[in-house]
Every structure is written in structure tokens, then in C-alpha cells.
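**Student:** Sharing a structure below in C-alpha cells format, with a few things to ask.
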Amino acid sequence: MTTRKINYPLIISDFDGTLLRTDGTIAPETRRAISDYTAAGGTFGICTGRMYTSILPRARELGLKGLVSSYQGSVVTDIESGNILVDGYIPAEDAAGICRVFESMNLHIHLYELERFYVNRRDEALEEYEKTCGVKGEVVESEPLSGLVLKQNLRVRKVLALVPAEEKMSVFRETERALGEKFYVTYSAAQLVEVTSKRYSKGTAVRFMAEYYGVPVERTIAVGDSLNDLPMLEAAGLGLAVKNADDALKAKIRVFPYTNDENAVGRIIAAYGYQGEEL
């Protein structure tokens, strides 16, 4: 059997809405494509907005080794050991300020430490989020989260608002006006408006991972579906938006003609991952 030669040595994918199907599973054909690619010498990575305790089990389930990026590029972790190589936390005073902006809008707020997250209300939206991500929030109703973060001097990796889908863009625009000069404000999925450190993004994660693996960043592929993926798609040599991606992303990035439910990532590996097979 002839070994296929690698074209792009590093492929990095977003998770929800890109690698993950709508039903919360990864297609068997996608798994095979990743396994074949890594067996041939390629490196496959995940870069997600999820907390790292949510993505590590899924990366290990795929049999991945090496690095995984979480919290919008703010944290990069070694999959096998759990060691953290990048940790871009937000100081407590700054995190409290972000919370105050969301509190002024009376929003459902998530405040993330490294391994725990706090929420200001329990409702159906939280229960669905917990089910999807496989994590459990700690509900704080005795005081505002802005007070909690200061009292406990928390190192925060991300603050997000979980909002009705029809309100996402208006909340995003208002949050960007209030916080965009000092923090990285973006959105993902249908209901999440997210704020992280200005110094980190999925783009910084892609560049860090490429350097770590000794791969020129122009020989990397990045795949995503939402606005928070834009920095990594722009940083990679080849950035691709899946067909089901957010319209704002598709307006800026080349669109691959298959969705997350149609093995988009596996098809991208087949189309671009090997020499002699680039379209």
C-alpha cells in the first residue's frame, strides 16, 4: 500500500457547528478521515470557544494527541498530559467590568475560570448548554457575578451572555461598543456573545500551534462556521468556512460546499490534505 504524501501538515478545526454534527456526534467518515490523515503524518487539531474541560474528553475520544485550544484561543493544552502551554486569563477587575456591562442589560451570564464556570440564573437555556458541552455551571444568585469575581479574585478566561437567537446581533453590537476597545468581543453558535482577552484569539492559537509543530503557518488549514473563527481562518494558509457557516463569516472567507452534517471536515482533508489532490 502506497503512503499518501501530506500537502498541508497541520489542519485545525473548530468544534461545534464544524467538526460536530447537529446531533452532537462526529460522523464515522470524519473520524476515519482524521485517523488516516494523522497516520500518514499530518497533525489534526481543534480550536474551540468551549472550556478546556469540555473539549479535552472529545479530543481524547478522537484519539488526538498534541495540542487543543479552548476559550477562543486563550488557553492551549497538551491533550495527553493536560499541561497548559498558553493561559490568557482576564484579571479580576477587568472581568468584573465585563460582567457589569452584561448585568446592565439584564442578561444570562457565564463567567469562566479554568475548570469551573459560574452563572447568574438557571433556566432551560443553561440546561441545554450544559447538556451540549458536558459541563455543569455553578449558579450564583446571592450576589452579582461582578461582585463574586472581585471577592474571590478570580482568573477569568471568558465571559459570555447566553441570549435568545433573535437578540444576539443587537447584544453583540452593544457589547462591542461598550467593550470592544479593550477586549475581544465576538459571537458563536445561535445564542452566545463572548468576551475574552484582547491579546488572544483563535488566530493567535493557530500561529502558536503552527510554531509548536514547526509548520509554516501558510501550510496550515483552518475550518470554522462562526464569527469567532474568523481570526484563525485569516491566520491559516487556507481558511475555509463550512456551508452552514454564519453569513457574516461567509462574506469574508472562502466557503467549502458541504455542511457539518455532510462530513465537511473529512472532505476538506481529502481535498486538500494530501499532495496531488488539491482542488
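Labeling convention for the C-alpha cells: chains A, B, ... as they appear, residues from 1 per chain, ligands from 1 in order of appearance.
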How would you write, as an MDAnalysis selection string, the set of residues in stretch 90-218 of chain A that DSSP gives as strand (DSSP E or B)?
**Tutor:** chainID A and resid 90 108:112 117:119 138:139 156 158:162 183:188 192:197
**Student:** Which residues of stretch 183-255 of chain A have any atom within 9 Å of an atom in stretch 31-50 of chain A when counting only C-alpha atoms, and what is the closest pair of atoms for each, with the distance in Å to one decimal? Order the rows by chain and rising number and write it as a Markdown table.
**Tutor:**
```
| residue | atom | partner | partner_atom | distance |
| --- | --- | --- | --- | --- |
| A:Ser188 | CA | A:Gly49 | CA | 8.1 |
| A:Glu194 | CA | A:Gly49 | CA | 8.8 |
| A:Lys202 | CA | A:Cys47 | CA | 6.6 |
| A:Ala205 | CA | A:Cys47 | CA | 7.5 |
| A:Val206 | CA | A:Cys47 | CA | 7.9 |
| A:Met209 | CA | A:Gly45 | CA | 8.6 |
| A:Tyr213 | CA | A:Thr43 | CA | 8.4 |
| A:Asn228 | CA | A:Gly49 | CA | 7.9 |
| A:Asp229 | CA | A:Thr48 | CA | 8.5 |
| A:Met232 | CA | A:Cys47 | CA | 8.7 |
```
**Student:** Just give me the gap between atom CA of A:Gly224 and atom CA of A:Asp247 in Å, one decimal is fine.
**Tutor:** 12.2 Å
**Student:** How many Å separate atom CA of A:Leu111 from atom CA of A:Ser81?
**Tutor:** 25.4 Å
**Student:** Rank nothing, just name the residue among A:Ala210, A:Ala270, A:Ala95, A:Leu192 nearest to A:Gly66, using only C-alpha atoms.
**Tutor:** A:Ala210
**Student:** Excluding same-chain residues fewer than 3 positions from A:Ala264, what lies within 12 Å of it counting only C-alpha atoms, as a PyMOL selection string?
**Tutor:** chain A and resi 13-15+17-21+26-27+29-31+33-34+223-225+240-245+255-261+267-272
**Student:** Output N, CA and C atoms for every residue in that selection, as a compact mmCIF listing (two decimals), in the first residue's frame.
**Tutor:**
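This is the output file selection.txt:
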```txt
# COMPACT_ATOMS: atom_id res chain seq x y z
N SER A 13 -9.46 22.57 13.22
CA SER A 13 -10.89 22.73 13.04
C SER A 13 -11.56 23.29 14.29
N ASP A 14 -12.54 24.14 14.07
CA ASP A 14 -13.49 24.48 15.12
C ASP A 14 -14.26 23.20 15.48
N PHE A 15 -14.95 23.22 16.60
CA PHE A 15 -15.67 22.02 17.04
C PHE A 15 -17.17 22.11 16.75
N GLY A 17 -20.59 23.00 15.29
CA GLY A 17 -21.03 23.55 14.02
C GLY A 17 -20.08 23.31 12.86
N THR A 18 -18.93 22.69 13.14
CA THR A 18 -17.93 22.44 12.11
C THR A 18 -17.54 20.97 12.11
N LEU A 19 -16.83 20.54 13.13
CA LEU A 19 -16.46 19.12 13.26
C LEU A 19 -17.63 18.31 13.81
N LEU A 20 -18.39 18.92 14.70
CA LEU A 20 -19.53 18.25 15.34
C LEU A 20 -20.78 18.42 14.48
N ARG A 21 -21.51 17.32 14.31
CA ARG A 21 -22.77 17.38 13.58
C ARG A 21 -23.86 18.01 14.45
N ILE A 26 -19.78 13.08 15.97
CA ILE A 26 -18.83 13.23 14.86
C ILE A 26 -19.04 12.05 13.93
N ALA A 27 -19.22 12.32 12.66
CA ALA A 27 -19.53 11.27 11.69
C ALA A 27 -18.41 10.24 11.61
N GLU A 29 -17.26 8.73 9.06
CA GLU A 29 -16.39 9.01 7.92
C GLU A 29 -15.43 10.16 8.22
N THR A 30 -15.87 11.09 9.08
CA THR A 30 -14.98 12.17 9.52
C THR A 30 -13.88 11.61 10.41
N ARG A 31 -14.25 10.74 11.33
CA ARG A 31 -13.27 10.09 12.20
C ARG A 31 -12.22 9.34 11.38
N ALA A 33 -11.35 9.87 8.27
CA ALA A 33 -10.52 10.81 7.52
C ALA A 33 -9.43 11.40 8.42
N ILE A 34 -9.79 11.74 9.65
CA ILE A 34 -8.81 12.28 10.59
C ILE A 34 -7.76 11.22 10.93
N VAL A 223 -10.62 25.53 9.64
CA VAL A 223 -12.01 25.36 9.22
C VAL A 223 -12.94 25.85 10.33
N GLY A 224 -13.99 26.60 9.98
CA GLY A 224 -14.90 27.09 11.01
C GLY A 224 -16.26 27.44 10.47
N ASP A 225 -17.12 27.92 11.38
CA ASP A 225 -18.51 28.21 10.99
C ASP A 225 -19.07 29.51 11.56
N LEU A 240 -11.18 28.04 5.51
CA LEU A 240 -12.42 27.63 4.86
C LEU A 240 -13.59 27.69 5.83
N ALA A 241 -14.70 28.26 5.36
CA ALA A 241 -15.95 28.25 6.11
C ALA A 241 -16.82 27.12 5.59
N VAL A 242 -17.41 26.33 6.51
CA VAL A 242 -18.31 25.27 6.07
C VAL A 242 -19.59 25.90 5.52
N LYS A 243 -20.35 25.13 4.76
CA LYS A 243 -21.52 25.66 4.06
C LYS A 243 -22.57 26.21 5.02
N ASN A 244 -22.66 25.64 6.22
CA ASN A 244 -23.65 26.08 7.21
C ASN A 244 -23.16 27.27 8.04
N ALA A 245 -22.04 27.87 7.66
CA ALA A 245 -21.45 28.95 8.46
C ALA A 245 -22.34 30.19 8.50
N VAL A 255 -15.87 29.64 1.00
CA VAL A 255 -16.84 28.69 1.52
C VAL A 255 -16.64 27.32 0.87
N PHE A 256 -16.54 26.30 1.71
CA PHE A 256 -16.46 24.92 1.24
C PHE A 256 -17.89 24.42 1.05
N PRO A 257 -18.21 23.72 -0.05
CA PRO A 257 -19.61 23.46 -0.39
C PRO A 257 -20.27 22.30 0.34
N TYR A 258 -19.89 22.03 1.58
CA TYR A 258 -20.53 20.99 2.38
C TYR A 258 -20.69 21.48 3.82
N THR A 259 -21.73 20.99 4.50
CA THR A 259 -22.03 21.40 5.86
C THR A 259 -21.38 20.45 6.87
N ASN A 260 -21.51 20.84 8.14
CA ASN A 260 -21.03 19.98 9.22
C ASN A 260 -21.77 18.64 9.25
N ASP A 261 -22.97 18.59 8.73
CA ASP A 261 -23.73 17.34 8.67
C ASP A 261 -23.40 16.52 7.43
N ARG A 267 -14.12 15.80 4.14
CA ARG A 267 -13.99 16.12 2.72
C ARG A 267 -12.86 17.13 2.49
N ILE A 268 -12.69 18.06 3.42
CA ILE A 268 -11.59 19.02 3.30
C ILE A 268 -10.25 18.32 3.42
N ILE A 269 -10.15 17.37 4.35
CA ILE A 269 -8.91 16.59 4.48
C ILE A 269 -8.61 15.87 3.17
N ALA A 270 -9.63 15.25 2.58
CA ALA A 270 -9.44 14.51 1.33
C ALA A 270 -9.07 15.43 0.18
N ALA A 271 -9.67 16.62 0.15
CA ALA A 271 -9.47 17.53 -0.98
C ALA A 271 -8.15 18.28 -0.92
N TYR A 272 -7.69 18.60 0.28
CA TYR A 272 -6.52 19.48 0.41
C TYR A 272 -5.37 18.91 1.25
```
**Student:** From the set A:Leu179, A:Tyr52, A:Glu218, A:Leu62, which residue has the shortest atom-to-atom contact distance to A:Ile84, counting only C-alpha atoms?
**Tutor:**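 Ranking A:Leu179, A:Tyr52, A:Glu218, A:Leu62 by distance to A:Ile84, first place goes to A:Tyr52.
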**Student:** Might you pull out every residue within 7 Å of A:Leu238, with only C-alpha atoms counted and same-chain residues fewer than 3 positions away left off, and present them as a PyMOL selection string?
**Tutor:** chain A and resi 220-222
**Student:** Output N, CA and C atoms of each residue in that selection to a file, as a PDB file, in the first residue's frame.
**Tutor:**
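Written out: again_34.pdb:
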```pdb
ATOM      1  N   THR A 220      -0.889  25.625   6.766  1.00  0.00           N
ATOM      2  CA  THR A 220      -1.944  25.149   7.650  1.00  0.00           C
ATOM      3  C   THR A 220      -3.311  25.394   7.020  1.00  0.00           C
ATOM      4  N   ILE A 221      -4.254  24.561   7.402  1.00  0.00           N
ATOM      5  CA  ILE A 221      -5.661  24.750   7.043  1.00  0.00           C
ATOM      6  C   ILE A 221      -6.440  24.991   8.327  1.00  0.00           C
ATOM      7  N   ALA A 222      -7.373  25.931   8.291  1.00  0.00           N
ATOM      8  CA  ALA A 222      -8.290  26.138   9.408  1.00  0.00           C
ATOM      9  C   ALA A 222      -9.717  26.137   8.875  1.00  0.00           C
TER      10      ALA A 222
END
```
**Student:** Fewer than 2 positions away in the same chain doesn't count, so skip those; otherwise give me all residues within 9 Å of A:Glu93, counting only C-alpha atoms, as a PDB file with C-alpha atoms, in the first residue's frame.
**Tutor:**
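Result saved to result15.pdb:
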```pdb
ATOM      1  CA  ILE A  90      -8.505  38.273  32.283  1.00  0.00           C
ATOM      2  CA  PRO A  91      -7.661  39.983  35.622  1.00  0.00           C
ATOM      3  CA  ALA A  95     -13.697  40.643  34.313  1.00  0.00           C
ATOM      4  CA  ALA A  96     -15.924  42.432  36.812  1.00  0.00           C
ATOM      5  CA  GLY A  97     -16.263  45.323  34.355  1.00  0.00           C
ATOM      6  CA  ILE A  98     -17.368  42.940  31.607  1.00  0.00           C
ATOM      7  CA  SER A 146     -19.273  41.180  39.112  1.00  0.00           C
ATOM      8  CA  VAL A 149     -15.190  37.796  40.699  1.00  0.00           C
ATOM      9  CA  LEU A 150     -13.761  40.606  42.821  1.00  0.00           C
ATOM     10  CA  ASN A 153     -10.115  37.452  42.814  1.00  0.00           C
TER      11      ASN A 153
END
```
**Student:** Skip A:Ile109 itself and residues of its chain fewer than 2 positions away, then list as JSON, numbers by chain all residues within 12 Å of it, counting only C-alpha atoms.
**Tutor:** {"A": [95, 96, 98, 99, 100, 101, 102, 103, 104, 105, 106, 107, 111, 112, 117, 118, 119, 120, 121, 122, 123, 125, 126, 137, 138, 139, 140, 141, 144, 145, 146, 158, 159, 160, 161, 162, 163, 191, 192, 193, 194, 195]}
**Student:** Select, from A:Tyr129, A:Ile79, A:Gly88, A:Gly239, the residue with the minimum atom-to-atom distance to A:Asp16, counting only C-alpha atoms.
**Tutor:**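 Comparing A:Tyr129, A:Ile79, A:Gly88, A:Gly239 against A:Asp16, the winner is A:Tyr129.
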**Student:** Mind checking which residues fall within 7 Å of A:Leu67, counting only C-alpha atoms, ignoring those fewer than 2 positions away in the same chain, and posting them as an mmCIF file with N, CA and C atoms, in the first residue's frame?
**Tutor:**
```cif
data_model
loop_
_atom_site.group_PDB
_atom_site.id
_atom_site.type_symbol
_atom_site.label_atom_id
_atom_site.label_comp_id
_atom_site.auth_asym_id
_atom_site.auth_seq_id
_atom_site.Cartn_x
_atom_site.Cartn_y
_atom_site.Cartn_z
ATOM 1 N N GLY A 45 -5.765 19.301 14.713
ATOM 2 C CA GLY A 45 -6.027 19.959 15.987
ATOM 3 C C GLY A 45 -7.415 20.563 16.042
ATOM 4 N N LYS A 65 -3.622 13.506 19.659
ATOM 5 C CA LYS A 65 -2.507 13.800 20.552
ATOM 6 C C LYS A 65 -2.016 15.214 20.226
ATOM 7 N N SER A 69 -6.863 23.819 21.589
ATOM 8 C CA SER A 69 -7.068 25.190 22.046
ATOM 9 C C SER A 69 -8.515 25.384 22.470
ATOM 10 N N VAL A 76 -4.232 27.002 25.573
ATOM 11 C CA VAL A 76 -3.753 25.896 24.736
ATOM 12 C C VAL A 76 -3.218 24.824 25.680
ATOM 13 N N THR A 77 -3.684 23.585 25.482
ATOM 14 C CA THR A 77 -3.418 22.496 26.415
ATOM 15 C C THR A 77 -2.850 21.287 25.686
ATOM 16 N N ASP A 78 -1.935 20.583 26.332
ATOM 17 C CA ASP A 78 -1.470 19.294 25.830
ATOM 18 C C ASP A 78 -2.537 18.245 26.152
ATOM 19 N N ILE A 79 -3.024 17.557 25.128
ATOM 20 C CA ILE A 79 -4.152 16.647 25.284
ATOM 21 C C ILE A 79 -3.828 15.495 26.232
#
```
**Student:** Could you check how far atom CA of A:Ala190 sits from atom CA of A:Ala235, in Å to one decimal?
**Tutor:**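 Answer for the atom CA of A:Ala190 to atom CA of A:Ala235 separation: 24.2 Å.
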**Student:** Could you pull out the helix (DSSP H, G or I) residues of stretch 25-216 of chain A, going by DSSP on the backbone, and write them as a count of residues only?
**Tutor:** 82
**Student:** Counting only C-alpha atoms, which residue out of A:Lys198, A:Glu80, A:Arg207, A:Arg60 sits closest to A:Gly180?
**Tutor:**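 Among the listed residues, A:Lys198 lies closest to A:Gly180.
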